[in-house]
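**Student:** Before I ask anything, let me first share the structure, which is written out below as C-alpha coordinates.
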Amino acid sequence: MTVNLSLPKIEPLRPVRSRVVPTGREWLYELKLDGFRGMLSIEGNRGMFRSKSSNRMVRFEAMADALARMIPAQDAILDGEIIVMREGGPDFNALFFRSGEPAYAAFDLLWLNGRDLRSQPLWRRKKMLEKLIASTPIGFVEHVDDPALFTVVQQRDLEGIIAKRRSDPYAPETRWVKVKVAGYSQMEGRRELFDRRR
(Lines give C-alpha, C1' and ligand atoms only; values in the text may rest on other atoms or scores of the structure.)
Protein backbone atom coordinates (compact mmCIF):
# COMPACT_ATOMS: atom_id res chain seq x y z
CA MET A 1 0.00 0.00 0.00
CA THR A 2 1.46 3.36 -1.02
CA VAL A 3 1.32 6.37 1.26
CA ASN A 4 0.62 10.00 0.40
CA LEU A 5 2.55 12.43 2.56
CA SER A 6 1.58 16.07 3.07
CA LEU A 7 5.16 17.32 2.84
CA PRO A 8 6.06 19.59 -0.09
CA LYS A 9 7.30 18.00 -3.30
CA ILE A 10 10.78 19.45 -3.81
CA GLU A 11 12.55 19.45 -7.16
CA PRO A 12 16.02 17.91 -6.69
CA LEU A 13 19.06 19.97 -7.60
CA ARG A 14 20.83 18.44 -10.58
CA PRO A 15 24.60 18.83 -10.80
CA VAL A 16 26.06 20.21 -14.01
CA ARG A 17 28.86 18.20 -15.60
CA SER A 18 32.37 19.55 -15.89
CA ARG A 19 35.76 18.14 -16.84
CA VAL A 20 37.47 20.55 -14.46
CA VAL A 21 37.30 20.43 -10.65
CA PRO A 22 36.37 23.91 -9.38
CA THR A 23 38.73 25.25 -6.74
CA GLY A 24 38.61 27.94 -4.11
CA ARG A 25 37.93 28.36 -0.41
CA GLU A 26 34.16 28.38 -0.93
CA TRP A 27 34.03 24.84 -2.35
CA LEU A 28 33.38 21.51 -0.61
CA TYR A 29 33.85 18.12 -2.27
CA GLU A 30 31.85 14.90 -1.84
CA LEU A 31 32.04 11.46 -3.38
CA LYS A 32 29.61 10.92 -6.23
CA LEU A 33 28.00 7.66 -5.19
CA ASP A 34 26.97 5.37 -8.05
CA GLY A 35 23.34 4.50 -7.42
CA PHE A 36 19.83 5.90 -7.75
CA ARG A 37 19.21 9.46 -6.58
CA GLY A 38 16.53 9.35 -3.90
CA MET A 39 14.79 12.12 -1.98
CA LEU A 40 13.41 10.62 1.24
CA SER A 41 10.30 12.21 2.77
CA ILE A 42 9.22 11.01 6.19
CA GLU A 43 6.13 11.87 8.19
CA GLY A 44 5.48 10.07 11.44
CA ASN A 45 6.40 6.45 10.84
CA ARG A 46 5.84 6.52 7.08
CA GLY A 47 8.40 7.21 4.39
CA MET A 48 8.59 7.65 0.63
CA PHE A 49 11.40 7.96 -1.89
CA ARG A 50 11.19 10.12 -5.01
CA SER A 51 13.62 9.89 -7.92
CA LYS A 52 15.58 12.71 -9.53
CA SER A 53 12.61 13.01 -11.90
CA SER A 54 10.31 13.35 -8.83
CA ASN A 55 8.64 9.97 -9.47
CA ARG A 56 7.64 7.77 -6.55
CA MET A 57 10.16 4.92 -6.12
CA VAL A 58 7.76 2.12 -5.21
CA ARG A 59 10.52 -0.50 -5.19
CA PHE A 60 12.06 1.09 -2.08
CA GLU A 61 8.91 1.82 -0.06
CA ALA A 62 9.68 -0.84 2.58
CA MET A 63 13.13 0.68 3.14
CA ALA A 64 11.65 4.19 3.30
CA ASP A 65 9.17 3.12 6.00
CA ALA A 66 11.87 1.31 7.97
CA LEU A 67 14.13 4.38 7.92
CA ALA A 68 11.24 6.67 8.85
CA ARG A 69 10.72 4.68 12.04
CA MET A 70 14.38 5.19 12.99
CA ILE A 71 14.73 8.92 12.32
CA PRO A 72 14.10 11.00 15.47
CA ALA A 73 11.84 13.57 13.82
CA GLN A 74 8.15 14.14 13.24
CA ASP A 75 8.80 14.97 9.60
CA ALA A 76 11.83 15.48 7.39
CA ILE A 77 13.05 15.54 3.79
CA LEU A 78 16.52 14.22 3.00
CA ASP A 79 18.39 14.17 -0.29
CA GLY A 80 20.78 11.35 -1.06
CA GLU A 81 21.57 8.21 -2.99
CA ILE A 82 20.26 4.65 -2.84
CA ILE A 83 23.22 2.30 -3.28
CA VAL A 84 24.47 -1.23 -2.82
CA MET A 85 27.79 -0.96 -1.02
CA ARG A 86 30.58 -3.46 -1.59
CA GLU A 87 34.09 -3.51 -0.15
CA GLY A 88 35.49 -1.36 -2.95
CA GLY A 89 32.56 1.05 -3.16
CA PRO A 90 29.05 1.20 -4.61
CA ASP A 91 28.06 -1.62 -6.99
CA PHE A 92 25.60 -0.21 -9.53
CA ASN A 93 24.90 -3.52 -11.28
CA ALA A 94 23.97 -5.15 -7.97
CA LEU A 95 21.49 -2.32 -7.34
CA PHE A 96 20.10 -2.37 -10.88
CA PHE A 97 19.63 -6.13 -11.00
CA ARG A 98 18.44 -6.40 -7.37
CA SER A 99 21.27 -8.72 -6.40
CA GLY A 100 22.37 -6.83 -3.30
CA GLU A 101 20.92 -5.21 -0.20
CA PRO A 102 20.14 -1.53 -0.87
CA ALA A 103 21.16 1.15 1.60
CA TYR A 104 20.67 4.90 1.78
CA ALA A 105 23.37 7.55 2.02
CA ALA A 106 22.22 11.13 2.61
CA PHE A 107 24.07 14.31 1.65
CA ASP A 108 21.50 17.03 2.42
CA LEU A 109 18.64 17.91 4.76
CA LEU A 110 15.91 20.13 3.28
CA TRP A 111 13.11 19.99 5.83
CA LEU A 112 12.90 19.13 9.52
CA ASN A 113 9.97 19.20 11.97
CA GLY A 114 7.87 21.62 9.92
CA ARG A 115 10.77 23.89 9.05
CA ASP A 116 11.95 24.50 5.50
CA LEU A 117 15.77 24.47 5.61
CA ARG A 118 16.46 25.20 1.95
CA SER A 119 17.47 28.82 2.59
CA GLN A 120 20.12 27.72 5.10
CA PRO A 121 23.74 27.43 3.89
CA LEU A 122 24.94 23.98 2.86
CA TRP A 123 27.41 23.62 5.74
CA ARG A 124 24.64 24.19 8.29
CA ARG A 125 22.21 21.78 6.60
CA LYS A 126 24.90 19.09 6.53
CA LYS A 127 25.69 19.64 10.21
CA MET A 128 22.01 19.20 11.09
CA LEU A 129 21.78 16.14 8.85
CA GLU A 130 24.77 14.46 10.48
CA LYS A 131 23.21 14.95 13.93
CA LEU A 132 19.78 13.74 12.78
CA ILE A 133 20.96 10.44 11.31
CA ALA A 134 23.76 9.68 13.79
CA SER A 135 21.88 6.80 15.45
CA THR A 136 20.34 5.38 12.25
CA PRO A 137 21.66 3.08 9.48
CA ILE A 138 21.54 5.97 7.02
CA GLY A 139 25.01 6.76 5.72
CA PHE A 140 26.30 10.32 5.95
CA VAL A 141 28.08 11.55 2.82
CA GLU A 142 31.15 13.27 4.21
CA HIS A 143 32.75 16.29 2.58
CA VAL A 144 36.30 17.62 2.42
CA ASP A 145 37.73 21.00 1.43
CA ASP A 146 40.53 19.56 -0.70
CA PRO A 147 39.98 19.15 -4.47
CA ALA A 148 42.62 16.37 -4.38
CA LEU A 149 39.71 14.09 -3.49
CA PHE A 150 39.29 13.68 -7.24
CA THR A 151 42.77 12.15 -7.52
CA VAL A 152 41.89 9.64 -4.80
CA VAL A 153 38.65 8.79 -6.59
CA GLN A 154 40.54 8.17 -9.83
CA GLN A 155 42.98 5.86 -8.08
CA ARG A 156 40.19 3.83 -6.48
CA ASP A 157 38.08 3.47 -9.64
CA LEU A 158 35.07 5.37 -8.24
CA GLU A 159 32.57 7.31 -10.32
CA GLY A 160 33.58 10.87 -9.50
CA ILE A 161 32.98 13.79 -7.15
CA ILE A 162 30.43 16.54 -6.61
CA ALA A 163 31.65 20.07 -5.83
CA LYS A 164 29.34 22.40 -3.88
CA ARG A 165 29.75 25.87 -2.42
CA ARG A 166 29.62 25.71 1.37
CA SER A 167 27.36 28.75 1.78
CA ASP A 168 24.83 28.03 -0.98
CA PRO A 169 21.13 27.47 -0.28
CA TYR A 170 19.20 24.60 -1.85
CA ALA A 171 17.68 26.71 -4.60
CA PRO A 172 17.20 26.61 -8.40
CA GLU A 173 20.03 29.09 -8.93
CA THR A 174 22.49 26.97 -6.92
CA ARG A 175 25.13 25.26 -9.06
CA TRP A 176 26.52 21.88 -8.05
CA VAL A 177 29.32 20.54 -10.25
CA LYS A 178 29.91 16.86 -11.00
CA VAL A 179 33.27 15.69 -12.29
CA LYS A 180 33.28 12.10 -13.49
CA VAL A 181 36.29 9.82 -13.80
CA ALA A 182 37.13 8.99 -17.41
CA GLY A 183 37.44 5.23 -17.73
CA TYR A 184 35.40 4.41 -14.63
CA SER A 185 35.00 0.65 -15.02
CA GLN A 186 31.33 0.38 -14.05
CA MET A 187 30.27 2.72 -16.86
CA GLU A 188 31.12 0.10 -19.47
CA GLY A 189 27.87 -1.12 -21.02
CA ARG A 190 25.71 1.26 -18.94
CA ARG A 191 23.94 2.80 -21.92
CA GLU A 192 23.09 -0.62 -23.35
CA LEU A 193 21.86 -1.72 -19.94
CA PHE A 194 19.26 1.03 -19.82
CA ASP A 195 18.34 0.60 -23.48
CA ARG A 196 17.48 -3.08 -22.84
CA ARG A 197 15.21 -2.14 -19.95
CA ARG A 198 13.15 0.37 -21.92
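Starting from 1 in every chain, residues are counted up; chains themselves are A, B, ... following the order of the C-alpha coordinates, and ligands are numbered from 1 as listed.
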For Gly160 in chain A, list every protein, DNA or RNA residue within 8 Å, evaluated using only C-alpha atoms, and leave out those in the same chain fewer than 6 positions away; present the list as a VMD selection string.

**Tutor:** chain A and resid 31 to 33 150 153 to 154 178 to 181

**Student:** Export, as a tab-separated table (two decimals), in the first residue's frame, the selected residues with N, CA, C and O atoms.

**Tutor:**
chain	number	residue	atom	x	y	z
A	31	LEU	N	32.05	12.57	-2.44
A	31	LEU	CA	32.04	11.46	-3.38
A	31	LEU	C	30.74	11.46	-4.16
A	31	LEU	O	29.67	11.71	-3.59
A	32	LYS	N	30.81	11.16	-5.45
A	32	LYS	CA	29.61	10.92	-6.23
A	32	LYS	C	29.32	9.42	-6.16
A	32	LYS	O	30.02	8.63	-6.78
A	33	LEU	N	28.32	9.06	-5.39
A	33	LEU	CA	28.00	7.66	-5.19
A	33	LEU	C	27.22	7.12	-6.39
A	33	LEU	O	26.28	7.77	-6.86
A	150	PHE	N	39.50	14.25	-5.91
A	150	PHE	CA	39.29	13.68	-7.24
A	150	PHE	C	40.42	12.72	-7.62
A	150	PHE	O	40.18	11.70	-8.27
A	153	VAL	N	39.76	9.47	-5.92
A	153	VAL	CA	38.65	8.79	-6.59
A	153	VAL	C	39.13	8.10	-7.87
A	153	VAL	O	38.73	6.97	-8.17
A	154	GLN	N	39.98	8.77	-8.62
A	154	GLN	CA	40.54	8.17	-9.83
A	154	GLN	C	41.33	6.91	-9.50
A	154	GLN	O	41.21	5.88	-10.17
A	178	LYS	N	29.45	18.25	-11.06
A	178	LYS	CA	29.91	16.86	-11.00
A	178	LYS	C	31.07	16.67	-11.97
A	178	LYS	O	31.03	17.14	-13.11
A	179	VAL	N	32.10	15.99	-11.48
A	179	VAL	CA	33.27	15.69	-12.29
A	179	VAL	C	33.43	14.18	-12.26
A	179	VAL	O	33.69	13.59	-11.21
A	180	LYS	N	33.22	13.55	-13.41
A	180	LYS	CA	33.28	12.10	-13.49
A	180	LYS	C	34.67	11.63	-13.92
A	180	LYS	O	35.39	12.32	-14.63
A	181	VAL	N	35.00	10.42	-13.46
A	181	VAL	CA	36.29	9.82	-13.80
A	181	VAL	C	36.21	9.18	-15.18
A	181	VAL	O	35.37	8.31	-15.42

**Student:** Within 12 Å of Pro147 in chain A, counting only C-alpha atoms, which residues show up once you throw out same-chain ones fewer than 5 positions away? Write them as a list in words, please.

**Tutor:**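 Here the answer would be Val20, Val21, Pro22, Thr23, Gly24, Arg25, Glu26, Trp27, Leu28, Tyr29, Glu30, Leu31, Val152, Val153, Gly160, Ile161, Ile162, Ala163, Lys164 and Val179 of chain A.
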
**Student:** Using only C-alpha atoms, which residue out of A:Ala148, A:Ala68, A:Leu110, A:Ala105 lies closest to Pro90 in chain A?

**Tutor:**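 Ranked by minimum distance to Pro90 in chain A, first place goes to A:Ala105.
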
**Student:** Separation of CA of Arg125 in chain A and CA of Ala62 in chain A, in Å?

**Tutor:**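 Value for the CA of Arg125 in chain A-CA of Ala62 in chain A distance: 26.2 Å.
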
**Student:** Taking into account only C-alpha atoms, which residue in the set A:Asp108, A:Leu117, A:Phe92, A:Pro102 is nearest to Leu40 in chain A?

**Tutor:**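 Looking only at the distances to Leu40 in chain A, the closest residue turns out to be A:Asp108.
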
**Student:** I'd like to know which residues of range 108-194 of chain A are strand (DSSP E or B) (by DSSP, run on the backbone); could you write them as a ChimeraX atom specification?

**Tutor:** /A:108-112,115-116,139-140,144,160-165,177-180

**Student:** Restricting the calculation to only C-alpha atoms: of A:Glu130, A:Glu11, A:Asp34, A:Glu61, which residue gets closest to Glu81 in chain A?

**Tutor:**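 Among A:Glu130, A:Glu11, A:Asp34, A:Glu61, it is A:Asp34 that comes nearest to Glu81 in chain A.
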
**Student:** Mind checking DSSP for chain A and telling me the helix (DSSP H, G or I) residues as a PyMOL selection string?

**Tutor:** chain A and resi 58-70+92-96+122-132+149-155+185-187+190-197

**Student:** Restricting the output to N, CA and C atoms, write the selected residues as a short mmCIF file (atom, residue, chain, number, x, y, z; two decimals), in the first residue's frame.

**Tutor:**
data_model
loop_
_atom_site.label_atom_id
_atom_site.label_comp_id
_atom_site.auth_asym_id
_atom_site.auth_seq_id
_atom_site.Cartn_x
_atom_site.Cartn_y
_atom_site.Cartn_z
N VAL A 58 8.55 3.14 -5.90
CA VAL A 58 7.76 2.12 -5.21
C VAL A 58 8.64 0.96 -4.74
N ARG A 59 9.64 0.64 -5.53
CA ARG A 59 10.52 -0.50 -5.19
C ARG A 59 11.14 -0.36 -3.79
N PHE A 60 11.35 0.87 -3.34
CA PHE A 60 12.06 1.09 -2.08
C PHE A 60 11.15 1.57 -0.95
N GLU A 61 9.84 1.34 -1.09
CA GLU A 61 8.91 1.82 -0.06
C GLU A 61 9.14 1.15 1.29
N ALA A 62 9.45 -0.14 1.30
CA ALA A 62 9.68 -0.84 2.58
C ALA A 62 10.89 -0.24 3.29
N MET A 63 11.95 0.06 2.54
CA MET A 63 13.13 0.68 3.14
C MET A 63 12.81 2.08 3.64
N ALA A 64 12.02 2.84 2.88
CA ALA A 64 11.65 4.19 3.30
C ALA A 64 10.88 4.16 4.62
N ASP A 65 9.93 3.24 4.75
CA ASP A 65 9.17 3.12 6.00
C ASP A 65 10.07 2.71 7.16
N ALA A 66 10.97 1.77 6.90
CA ALA A 66 11.87 1.31 7.97
C ALA A 66 12.76 2.46 8.45
N LEU A 67 13.28 3.26 7.53
CA LEU A 67 14.13 4.38 7.92
C LEU A 67 13.33 5.46 8.64
N ALA A 68 12.09 5.67 8.21
CA ALA A 68 11.24 6.67 8.85
C ALA A 68 11.04 6.36 10.33
N ARG A 69 10.93 5.08 10.65
CA ARG A 69 10.72 4.68 12.04
C ARG A 69 11.97 4.89 12.90
N MET A 70 13.13 5.04 12.25
CA MET A 70 14.38 5.19 12.99
C MET A 70 14.84 6.64 13.12
N PHE A 92 26.82 -0.62 -8.84
CA PHE A 92 25.60 -0.21 -9.53
C PHE A 92 24.85 -1.41 -10.11
N ASN A 93 25.57 -2.35 -10.69
CA ASN A 93 24.90 -3.52 -11.28
C ASN A 93 24.11 -4.31 -10.24
N ALA A 94 24.67 -4.44 -9.04
CA ALA A 94 23.97 -5.15 -7.97
C ALA A 94 22.68 -4.43 -7.61
N LEU A 95 22.71 -3.10 -7.61
CA LEU A 95 21.49 -2.32 -7.34
C LEU A 95 20.50 -2.47 -8.48
N PHE A 96 20.97 -2.34 -9.71
CA PHE A 96 20.10 -2.37 -10.88
C PHE A 96 19.41 -3.72 -11.03
N LEU A 122 24.67 25.41 2.95
CA LEU A 122 24.94 23.98 2.86
C LEU A 122 25.63 23.45 4.11
N TRP A 123 26.65 24.14 4.61
CA TRP A 123 27.41 23.62 5.74
C TRP A 123 26.51 23.42 6.96
N ARG A 124 25.54 24.31 7.14
CA ARG A 124 24.64 24.19 8.29
C ARG A 124 23.65 23.04 8.09
N ARG A 125 23.13 22.88 6.88
CA ARG A 125 22.21 21.78 6.60
C ARG A 125 22.92 20.43 6.81
N LYS A 126 24.17 20.35 6.38
CA LYS A 126 24.90 19.09 6.53
C LYS A 126 25.18 18.80 8.01
N LYS A 127 25.45 19.82 8.78
CA LYS A 127 25.69 19.64 10.21
C LYS A 127 24.43 19.11 10.90
N MET A 128 23.28 19.66 10.54
CA MET A 128 22.01 19.20 11.09
C MET A 128 21.70 17.78 10.64
N LEU A 129 22.01 17.48 9.39
CA LEU A 129 21.78 16.14 8.85
C LEU A 129 22.61 15.11 9.61
N GLU A 130 23.89 15.41 9.80
CA GLU A 130 24.77 14.46 10.48
C GLU A 130 24.25 14.14 11.88
N LYS A 131 23.76 15.15 12.58
CA LYS A 131 23.21 14.95 13.93
C LYS A 131 21.93 14.13 13.88
N LEU A 132 21.08 14.41 12.89
CA LEU A 132 19.78 13.74 12.78
C LEU A 132 19.93 12.24 12.55
N LEU A 149 40.60 15.25 -3.60
CA LEU A 149 39.71 14.09 -3.49
C LEU A 149 39.52 13.44 -4.85
N PHE A 150 39.50 14.25 -5.91
CA PHE A 150 39.29 13.68 -7.24
C PHE A 150 40.42 12.72 -7.62
N THR A 151 41.65 13.03 -7.23
CA THR A 151 42.77 12.15 -7.52
C THR A 151 42.60 10.81 -6.81
N VAL A 152 42.14 10.85 -5.57
CA VAL A 152 41.89 9.64 -4.80
C VAL A 152 40.81 8.80 -5.47
N VAL A 153 39.76 9.47 -5.92
CA VAL A 153 38.65 8.79 -6.59
C VAL A 153 39.13 8.10 -7.87
N GLN A 154 39.98 8.77 -8.62
CA GLN A 154 40.54 8.17 -9.83
C GLN A 154 41.33 6.91 -9.50
N GLN A 155 42.13 6.99 -8.46
CA GLN A 155 42.98 5.86 -8.08
C GLN A 155 42.17 4.66 -7.61
N SER A 185 35.27 1.99 -14.48
CA SER A 185 35.00 0.65 -15.02
C SER A 185 33.52 0.29 -15.05
N GLN A 186 32.73 0.77 -14.09
CA GLN A 186 31.33 0.38 -14.05
C GLN A 186 30.46 1.10 -15.09
N MET A 187 31.04 2.06 -15.80
CA MET A 187 30.27 2.72 -16.86
C MET A 187 30.22 1.91 -18.13
N ARG A 190 26.83 0.64 -19.67
CA ARG A 190 25.71 1.26 -18.94
C ARG A 190 24.60 1.71 -19.87
N ARG A 191 24.97 2.32 -20.98
CA ARG A 191 23.94 2.80 -21.92
C ARG A 191 23.11 1.64 -22.46
N GLU A 192 23.80 0.55 -22.83
CA GLU A 192 23.09 -0.62 -23.35
C GLU A 192 22.20 -1.24 -22.30
N LEU A 193 22.64 -1.17 -21.05
CA LEU A 193 21.86 -1.72 -19.94
C LEU A 193 20.52 -1.04 -19.84
N PHE A 194 20.52 0.28 -19.91
CA PHE A 194 19.26 1.03 -19.82
C PHE A 194 18.43 0.88 -21.08
N ASP A 195 19.09 0.78 -22.23
CA ASP A 195 18.34 0.60 -23.48
C ASP A 195 17.57 -0.72 -23.47
N ARG A 196 18.15 -1.77 -22.89
CA ARG A 196 17.48 -3.08 -22.84
C ARG A 196 16.27 -3.06 -21.90
N ARG A 197 16.29 -2.19 -20.92
CA ARG A 197 15.21 -2.14 -19.95
C ARG A 197 14.05 -1.26 -20.39
#

**Student:** So the first atom is CA of Leu78 in chain A and the second is CA of Arg17 in chain A; what is the distance between them in Å, to one decimal place?

**Tutor:**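 Between CA of Leu78 in chain A and CA of Arg17 in chain A the gap works out to 22.7 Å.
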